[in-house]
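Okay, structure first, notes after.
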Amino acid sequence: MRLYNSLTREKDLFIPRVEGKVSMYTCGPTVYHFAHIGNLRSYIMEDILEKYLRYIGYDVTRVMNITDVGHLTSDADTGEDKMLKGAKREHKTVMEIADFYTKAFFADCKKLNIKTPDVVEPATACIPEFIEMIKTLLEKGFAYEAGGNIYFDTSKLDKYYVFNDFTEDDLDVGVRETVEADNNKRNKADFVLWFTKSKFDDQELKWDSPFGLGYPGWHIECSCIAKKHLGEYLDLHCGGIDNAFPHHTNEIAQSESTFGHEWCKYWFHVHHLNTAGGKMSKSKGEFLTVSLLEERGFDPVVYRMFCLGSHYRKNLVFSWENLENAKVAYNKLVAKIAQLKEDPESKISSAALEEGRLKFKNALDNDLNTSLAVTALYDVLKLDTNDRTKLQLIAEFDTVLGLDLIAHAKALGADDKSEENSDIDPELVSYIKERIAARAAAKKAKNFAEADAIRAELLEKGITLVDKREGTEFIINK
């Protein structure tokens with residue numbers, strides 16, 4: 001398998017340090033608000049990567065942090081803590097905000113078939129680890145105290161800008177909001193390891209430390225959480241491309257200065273989800289969530305299909321029209337799979353399995369080309385073999401792609417057996433059709449809440465609606 005490595009800027013042959021095992025770290029969410037679908041694109045692609053590594057035989061241990069303290073509104077270590085900002089917005093405590101939005105994040109992940117990592121660790125659970133690493137950096141001369149805060153001294157590094165050919169002036173473009181000068185810093189690129197009570201006095205979460213009462217900077221948490229669960233070496237570190245600088249750059253600086261050796265060999269960065277107006281972000285108000293997709297009548301798995309249609313290293317443009325096209329393509333694929341018949345008497349073709357698997361692996365071995373992997377899925381339907389073999393390949397590939405194809409095909413197949421509904425009470429059929437028409441009218445009027453309420457009403461009565469291109473059909477669950 002070859003993956004594009006942001007550190008070398010080349011497609012590198014993926015060889016983990018320990019044969020057969022992969023240590024994988026994923027930057028998790030800052031849980032101060034709902035995740036928007038741009039954030040979730042990164043987690044979908046990281047999920048594909050993890051599942052594919054497992055598919056080809058690796059024993060993967062994946063760790064994810066939850067940022068519940070220390071991430072400021074500017075990546076230049078300025079502005080308000082995002083968690084405190086969320087708490088003020090909703091008149092709750094920081095921990096109440098963290099708990100609510102952590103649960104909301106994983107609920108969205110479940111809808112998108114994103115596997116929960118093996119280890120999920122909140123930053124607030126690792127304060128002793130942060131303190132220990134900062135003490136080591138101070139002892140080794142890589143950190144200094146100024147104005148009550150502890151800073152990492154980037155001038156002590158042979159090379160700081162490891163991912164790109166940045167200059168010191170480029171720090172301004174690495175932040176998400178207006179940069180405020182921090183006069184405590186010796187060098188413009190230096191970053192905070194620990195804030196004391198001398199700064200942001202309204203900070204709710206503070207801990208005692210040898211450096212004073214305070215709280216950690218954002219960057220220190222990932223280095224320490226990774227070390228706690230994966231040791232001093234990582235095979236693979238993942239995140240959105242906007243984290244490459246300064247967050248991942250700072251992680252490398254502090255980790256390698258602490259350990260005295262290379263920390264992580266492979267860096268996997270997912271590019272942005274854009275709208276017509278540019279990069280999707282919460283600060284710009286483009287707050288498209290999984291719940292909003294559902295309100296607009298889209299199964300979250302359709303958004304996953306939409307993401308798989310583009311390479312992770314290309315910016316993906318979102319529009320409702322593009323998502324509708326993905327929905328049509330998904331429904332057509334499911335319809336074709338529904339036509340396959342499982343015959344336990346037919347023999348699985350080992351030759352057809354090998355042919356199908358080879359195309360699938362060739363696609364994902366080439367820098368995780370999900371678009372070609374979906375093409376390999378379509379090619380299974382064209383194989384000169386029996387349906388049982390095709391269904392086995394589809395189910396196998398879907399353990400990686402996560403599109404719920406077999407389950408949706410079975411539901412559709414049940415609906416296609418119209419003769420089973422021939423003895424249904426005509427009055428019930430009339431009622432169902434009336435409610436389907438009312439739902440269609442609600443959707444046309446963009447009253448998606450009413451449309452969802454009608455679907456829920458029918459579901460309570462044991463009636464499942466299936467939206468198809470040619471119209472809405474129903475299944476009576478017996």
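Chain lettering (A, B, ...) mirrors the order of the structure tokens, residue numbering begins at 1 for each chain separately, and ligand numbering begins at 1 in order of display.
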Please build the interface table for region 64-167 of chain A against region 211-225 of chain A with a cut-off of 9 Å, listing for each qualifying residue the nearest atom pair and the distance in Å to one decimal; count only C-alpha atoms, order rows by chain and increasing number, and write it as a tab-separated table.
```
residue	atom	partner	partner_atom	distance
A:Met64	CA	A:Ile225	CA	8.3
A:Asn65	CA	A:Cys222	CA	6.7
A:Thr67	CA	A:Trp218	CA	7.8
A:Val69	CA	A:Trp218	CA	7.5
A:Gly70	CA	A:Trp218	CA	4.7
A:His71	CA	A:Trp218	CA	4.7
A:Leu72	CA	A:Trp218	CA	7.4
A:Asp75	CA	A:Trp218	CA	8.7
A:Asp77	CA	A:Gly217	CA	7.7
A:Glu121	CA	A:Ile225	CA	7.1
A:Pro122	CA	A:Ile225	CA	8.7
A:Ala123	CA	A:Glu221	CA	6.0
A:Cys126	CA	A:Ile225	CA	7.1
A:Ile127	CA	A:Pro216	CA	7.8
A:Glu129	CA	A:Cys224	CA	6.0
A:Phe130	CA	A:Cys224	CA	6.1
A:Ile131	CA	A:Pro216	CA	8.4
A:Met133	CA	A:Cys224	CA	7.3
A:Ile134	CA	A:Ile220	CA	8.4
A:Lys135	CA	A:Phe211	CA	9.0
A:Glu145	CA	A:Phe211	CA	8.4
A:Gly148	CA	A:Gly212	CA	7.8
A:Asn149	CA	A:Phe211	CA	7.7
A:Ile150	CA	A:Phe211	CA	7.5
```
Dump as a tab-separated table (two decimals), in the first residue's frame, selection limited to N, CA and C atoms:
```tsv
chain	number	residue	atom	x	y	z
A	64	MET	N	-7.87	8.36	19.70
A	64	MET	CA	-8.40	9.69	19.38
A	64	MET	C	-8.53	10.51	20.67
A	65	ASN	N	-8.14	11.76	20.59
A	65	ASN	CA	-8.33	12.67	21.72
A	65	ASN	C	-9.68	13.38	21.60
A	67	THR	N	-10.84	17.16	22.63
A	67	THR	CA	-10.37	18.44	23.17
A	67	THR	C	-11.50	19.09	23.96
A	69	VAL	N	-10.54	21.17	26.64
A	69	VAL	CA	-9.90	22.32	27.28
A	69	VAL	C	-8.72	22.73	26.42
A	70	GLY	N	-8.41	24.04	26.41
A	70	GLY	CA	-7.14	24.49	25.85
A	70	GLY	C	-7.13	24.93	24.41
A	71	HIS	N	-8.18	24.66	23.63
A	71	HIS	CA	-8.18	25.06	22.22
A	71	HIS	C	-8.77	26.47	22.13
A	72	LEU	N	-7.92	27.42	21.82
A	72	LEU	CA	-8.36	28.82	21.75
A	72	LEU	C	-8.97	29.13	20.39
A	75	ASP	N	-5.52	29.86	16.37
A	75	ASP	CA	-4.44	28.90	16.47
A	75	ASP	C	-3.11	29.55	16.82
A	77	ASP	N	-2.62	30.90	19.60
A	77	ASP	CA	-2.66	30.94	21.06
A	77	ASP	C	-3.27	32.24	21.58
A	121	GLU	N	-9.78	9.51	24.48
A	121	GLU	CA	-9.29	10.11	25.73
A	121	GLU	C	-9.52	11.61	25.74
A	122	PRO	N	-10.27	12.13	26.72
A	122	PRO	CA	-10.42	13.59	26.83
A	122	PRO	C	-9.17	14.23	27.39
A	123	ALA	N	-8.90	15.44	26.96
A	123	ALA	CA	-7.70	16.14	27.41
A	123	ALA	C	-7.69	16.32	28.93
A	126	CYS	N	-5.78	13.94	31.29
A	126	CYS	CA	-4.34	13.71	31.12
A	126	CYS	C	-3.48	14.86	31.62
A	127	ILE	N	-3.96	15.62	32.57
A	127	ILE	CA	-3.19	16.76	33.07
A	127	ILE	C	-1.81	16.34	33.60
A	129	GLU	N	0.12	13.95	32.59
A	129	GLU	CA	0.98	13.68	31.43
A	129	GLU	C	1.45	14.98	30.78
A	130	PHE	N	0.56	15.99	30.70
A	130	PHE	CA	0.95	17.28	30.12
A	130	PHE	C	2.07	17.92	30.95
A	131	ILE	N	1.85	17.90	32.25
A	131	ILE	CA	2.82	18.53	33.16
A	131	ILE	C	4.18	17.85	33.03
A	133	MET	N	5.51	16.20	30.45
A	133	MET	CA	6.20	16.53	29.20
A	133	MET	C	6.73	17.95	29.23
A	134	ILE	N	5.97	18.89	29.78
A	134	ILE	CA	6.43	20.28	29.85
A	134	ILE	C	7.67	20.39	30.74
A	135	LYS	N	7.68	19.65	31.85
A	135	LYS	CA	8.86	19.65	32.73
A	135	LYS	C	10.10	19.16	31.97
A	145	GLU	N	9.83	30.18	30.45
A	145	GLU	CA	8.71	30.87	31.12
A	145	GLU	C	8.79	32.36	30.78
A	148	GLY	N	4.33	34.55	32.95
A	148	GLY	CA	3.48	33.61	33.66
A	148	GLY	C	3.11	32.38	32.85
A	149	ASN	N	3.47	32.34	31.57
A	149	ASN	CA	3.14	31.20	30.72
A	149	ASN	C	4.40	30.44	30.34
A	150	ILE	N	4.23	29.18	29.94
A	150	ILE	CA	5.35	28.37	29.47
A	150	ILE	C	5.24	28.24	27.96
```
Would you list, as an mmCIF file with N, CA and C atoms, in the first residue's frame, the residues of region 116-304 of chain A that end up in strand (DSSP E or B) under DSSP run on this structure's backbone?
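New file result.cif:
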```
data_model
loop_
_atom_site.group_PDB
_atom_site.id
_atom_site.type_symbol
_atom_site.label_atom_id
_atom_site.label_comp_id
_atom_site.auth_asym_id
_atom_site.auth_seq_id
_atom_site.Cartn_x
_atom_site.Cartn_y
_atom_site.Cartn_z
ATOM 1 N N VAL A 119 -9.347 3.679 21.499
ATOM 2 C CA VAL A 119 -9.162 4.497 22.701
ATOM 3 C C VAL A 119 -9.636 5.909 22.403
ATOM 4 N N VAL A 120 -10.499 6.430 23.250
ATOM 5 C CA VAL A 120 -10.937 7.831 23.159
ATOM 6 C C VAL A 120 -10.614 8.488 24.503
ATOM 7 N N GLU A 121 -9.780 9.508 24.478
ATOM 8 C CA GLU A 121 -9.288 10.106 25.725
ATOM 9 C C GLU A 121 -9.519 11.605 25.736
ATOM 10 N N PRO A 122 -10.270 12.131 26.716
ATOM 11 C CA PRO A 122 -10.424 13.587 26.827
ATOM 12 C C PRO A 122 -9.170 14.225 27.394
ATOM 13 N N ALA A 143 11.957 24.842 26.267
ATOM 14 C CA ALA A 143 10.822 25.645 26.716
ATOM 15 C C ALA A 143 11.317 26.714 27.682
ATOM 16 N N TYR A 144 10.515 27.769 27.837
ATOM 17 C CA TYR A 144 10.888 28.864 28.736
ATOM 18 C C TYR A 144 9.622 29.480 29.334
ATOM 19 N N GLU A 145 9.825 30.182 30.454
ATOM 20 C CA GLU A 145 8.712 30.874 31.117
ATOM 21 C C GLU A 145 8.789 32.356 30.778
ATOM 22 N N ALA A 146 7.621 32.923 30.457
ATOM 23 C CA ALA A 146 7.558 34.363 30.187
ATOM 24 C C ALA A 146 6.149 34.852 30.476
ATOM 25 N N ASN A 149 3.473 32.343 31.574
ATOM 26 C CA ASN A 149 3.139 31.199 30.722
ATOM 27 C C ASN A 149 4.405 30.441 30.337
ATOM 28 N N ILE A 150 4.231 29.181 29.939
ATOM 29 C CA ILE A 150 5.352 28.371 29.474
ATOM 30 C C ILE A 150 5.239 28.238 27.958
ATOM 31 N N TYR A 151 6.316 28.569 27.258
ATOM 32 C CA TYR A 151 6.336 28.553 25.794
ATOM 33 C C TYR A 151 7.342 27.532 25.267
ATOM 34 N N PHE A 152 7.051 26.981 24.108
ATOM 35 C CA PHE A 152 8.036 26.174 23.395
ATOM 36 C C PHE A 152 8.894 27.111 22.555
ATOM 37 N N PHE A 191 5.009 28.723 20.734
ATOM 38 C CA PHE A 191 3.619 28.436 21.104
ATOM 39 C C PHE A 191 3.532 28.056 22.577
ATOM 40 N N VAL A 192 2.321 28.221 23.116
ATOM 41 C CA VAL A 192 2.116 28.039 24.556
ATOM 42 C C VAL A 192 1.946 26.562 24.901
ATOM 43 N N LEU A 193 2.673 26.147 25.934
ATOM 44 C CA LEU A 193 2.515 24.801 26.490
ATOM 45 C C LEU A 193 1.602 24.823 27.710
ATOM 46 N N TRP A 194 1.656 25.916 28.485
ATOM 47 C CA TRP A 194 0.834 26.024 29.700
ATOM 48 C C TRP A 194 0.503 27.482 29.962
ATOM 49 N N PHE A 195 -0.775 27.770 30.122
ATOM 50 C CA PHE A 195 -1.247 29.091 30.513
ATOM 51 C C PHE A 195 -1.444 29.115 32.027
ATOM 52 N N THR A 196 -1.052 30.217 32.682
ATOM 53 C CA THR A 196 -1.316 30.357 34.110
ATOM 54 C C THR A 196 -2.477 31.316 34.328
ATOM 55 N N TRP A 207 -5.754 23.907 36.806
ATOM 56 C CA TRP A 207 -5.126 22.868 37.613
ATOM 57 C C TRP A 207 -3.838 23.401 38.231
ATOM 58 N N GLY A 214 -3.193 26.879 36.340
ATOM 59 C CA GLY A 214 -3.523 27.203 34.960
ATOM 60 C C GLY A 214 -4.048 26.018 34.191
ATOM 61 N N TYR A 215 -3.820 26.046 32.886
ATOM 62 C CA TYR A 215 -4.367 24.977 32.022
ATOM 63 C C TYR A 215 -3.466 24.811 30.798
ATOM 64 N N PRO A 216 -3.534 23.658 30.139
ATOM 65 C CA PRO A 216 -2.607 23.378 29.039
ATOM 66 C C PRO A 216 -2.980 24.099 27.756
ATOM 67 N N LEU A 234 4.817 6.493 16.617
ATOM 68 C CA LEU A 234 3.554 6.330 15.900
ATOM 69 C C LEU A 234 3.854 5.884 14.474
ATOM 70 N N ASP A 235 2.996 5.011 13.951
ATOM 71 C CA ASP A 235 3.095 4.688 12.528
ATOM 72 C C ASP A 235 2.373 5.727 11.681
ATOM 73 N N LEU A 236 1.222 6.177 12.167
ATOM 74 C CA LEU A 236 0.319 6.944 11.316
ATOM 75 C C LEU A 236 -0.421 7.986 12.140
ATOM 76 N N HIS A 237 -0.398 9.228 11.681
ATOM 77 C CA HIS A 237 -1.132 10.322 12.342
ATOM 78 C C HIS A 237 -2.058 10.952 11.309
ATOM 79 N N CYS A 238 -3.328 11.114 11.681
ATOM 80 C CA CYS A 238 -4.350 11.603 10.744
ATOM 81 C C CYS A 238 -4.966 12.910 11.237
ATOM 82 N N GLY A 239 -5.534 13.652 10.286
ATOM 83 C CA GLY A 239 -6.255 14.870 10.626
ATOM 84 C C GLY A 239 -6.607 15.658 9.380
ATOM 85 N N GLY A 240 -7.353 16.722 9.560
ATOM 86 C CA GLY A 240 -7.678 17.606 8.458
ATOM 87 C C GLY A 240 -6.450 18.394 8.026
ATOM 88 N N CYS A 264 6.679 10.217 14.370
ATOM 89 C CA CYS A 264 5.664 9.599 13.512
ATOM 90 C C CYS A 264 6.164 9.600 12.070
ATOM 91 N N LYS A 265 6.061 8.447 11.414
ATOM 92 C CA LYS A 265 6.616 8.300 10.078
ATOM 93 C C LYS A 265 5.673 8.767 8.977
ATOM 94 N N TYR A 266 4.361 8.487 9.130
ATOM 95 C CA TYR A 266 3.399 8.776 8.061
ATOM 96 C C TYR A 266 2.337 9.758 8.552
ATOM 97 N N TRP A 267 2.075 10.790 7.744
ATOM 98 C CA TRP A 267 1.073 11.806 8.066
ATOM 99 C C TRP A 267 0.016 11.841 6.966
ATOM 100 N N PHE A 268 -1.245 11.641 7.362
ATOM 101 C CA PHE A 268 -2.378 11.510 6.447
ATOM 102 C C PHE A 268 -3.316 12.695 6.672
ATOM 103 N N HIS A 269 -3.417 13.584 5.678
ATOM 104 C CA HIS A 269 -4.233 14.791 5.824
ATOM 105 C C HIS A 269 -5.356 14.819 4.785
ATOM 106 N N VAL A 270 -6.571 15.046 5.276
ATOM 107 C CA VAL A 270 -7.756 15.111 4.415
ATOM 108 C C VAL A 270 -8.052 16.573 4.096
ATOM 109 N N LEU A 273 -13.821 20.345 2.717
ATOM 110 C CA LEU A 273 -15.124 20.347 2.063
ATOM 111 C C LEU A 273 -15.489 21.811 1.853
ATOM 112 N N ASN A 274 -15.707 22.188 0.602
ATOM 113 C CA ASN A 274 -16.018 23.574 0.268
ATOM 114 C C ASN A 274 -17.468 23.725 -0.160
ATOM 115 N N THR A 275 -17.969 24.926 -0.004
ATOM 116 C CA THR A 275 -19.236 25.308 -0.616
ATOM 117 C C THR A 275 -18.895 26.270 -1.753
ATOM 118 N N GLY A 278 -16.505 28.870 -0.659
ATOM 119 C CA GLY A 278 -15.187 28.519 -0.149
ATOM 120 C C GLY A 278 -15.265 27.483 0.951
ATOM 121 N N LYS A 279 -14.210 27.403 1.772
ATOM 122 C CA LYS A 279 -14.113 26.394 2.821
ATOM 123 C C LYS A 279 -15.268 26.501 3.807
#
```
If we count only C-alpha atoms and set the cut-off at 12 Å, which residues sit around Leu393 (chain A), ignoring sequence neighbours fewer than 2 positions away in its own chain? Please answer as number ranges by chain.
A: 337, 348-360, 376-381, 383, 385-391, 395-400, 405-406
Do you know which residues are at most 12 Å from Leu465 (chain A) counting only C-alpha atoms, after dropping those on the same chain fewer than 6 positions away, and could you put them as a VMD selection string?
chain A and resid 297 411 to 412 415 432 to 433 435 to 437 439 to 440 451 to 452 454 to 459 471 to 477
For Asn113 (chain A), which residue among A:Arg2, A:Lys51, A:Lys21, A:His248 is the nearest when counting only C-alpha atoms?
A:Lys51
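Checking A:Leu403, A:Leu3, A:Ala98, A:Leu368 one by one against Tyr52 (chain A), counting only C-alpha atoms, you find the shortest gap at A:Leu368.
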Selection: 9 Å around Glu232 (chain A), only C-alpha atoms, excl. self and same-chain fewer than 6 positions, as a ChimeraX atom specification
/A:226,255,259,261-264
Convert the current residue selection to file output with C-alpha atoms, as an mmCIF file, in the first residue's frame.
```cif
data_model
loop_
_atom_site.group_PDB
_atom_site.id
_atom_site.type_symbol
_atom_site.label_atom_id
_atom_site.label_comp_id
_atom_site.auth_asym_id
_atom_site.auth_seq_id
_atom_site.Cartn_x
_atom_site.Cartn_y
_atom_site.Cartn_z
ATOM 1 C CA ALA A 226 -0.539 9.471 21.886
ATOM 2 C CA SER A 255 7.278 15.299 20.795
ATOM 3 C CA PHE A 259 11.814 11.866 23.001
ATOM 4 C CA HIS A 261 14.010 10.722 17.999
ATOM 5 C CA GLU A 262 11.581 10.699 15.067
ATOM 6 C CA TRP A 263 8.038 10.433 16.372
ATOM 7 C CA CYS A 264 5.664 9.599 13.512
#
```
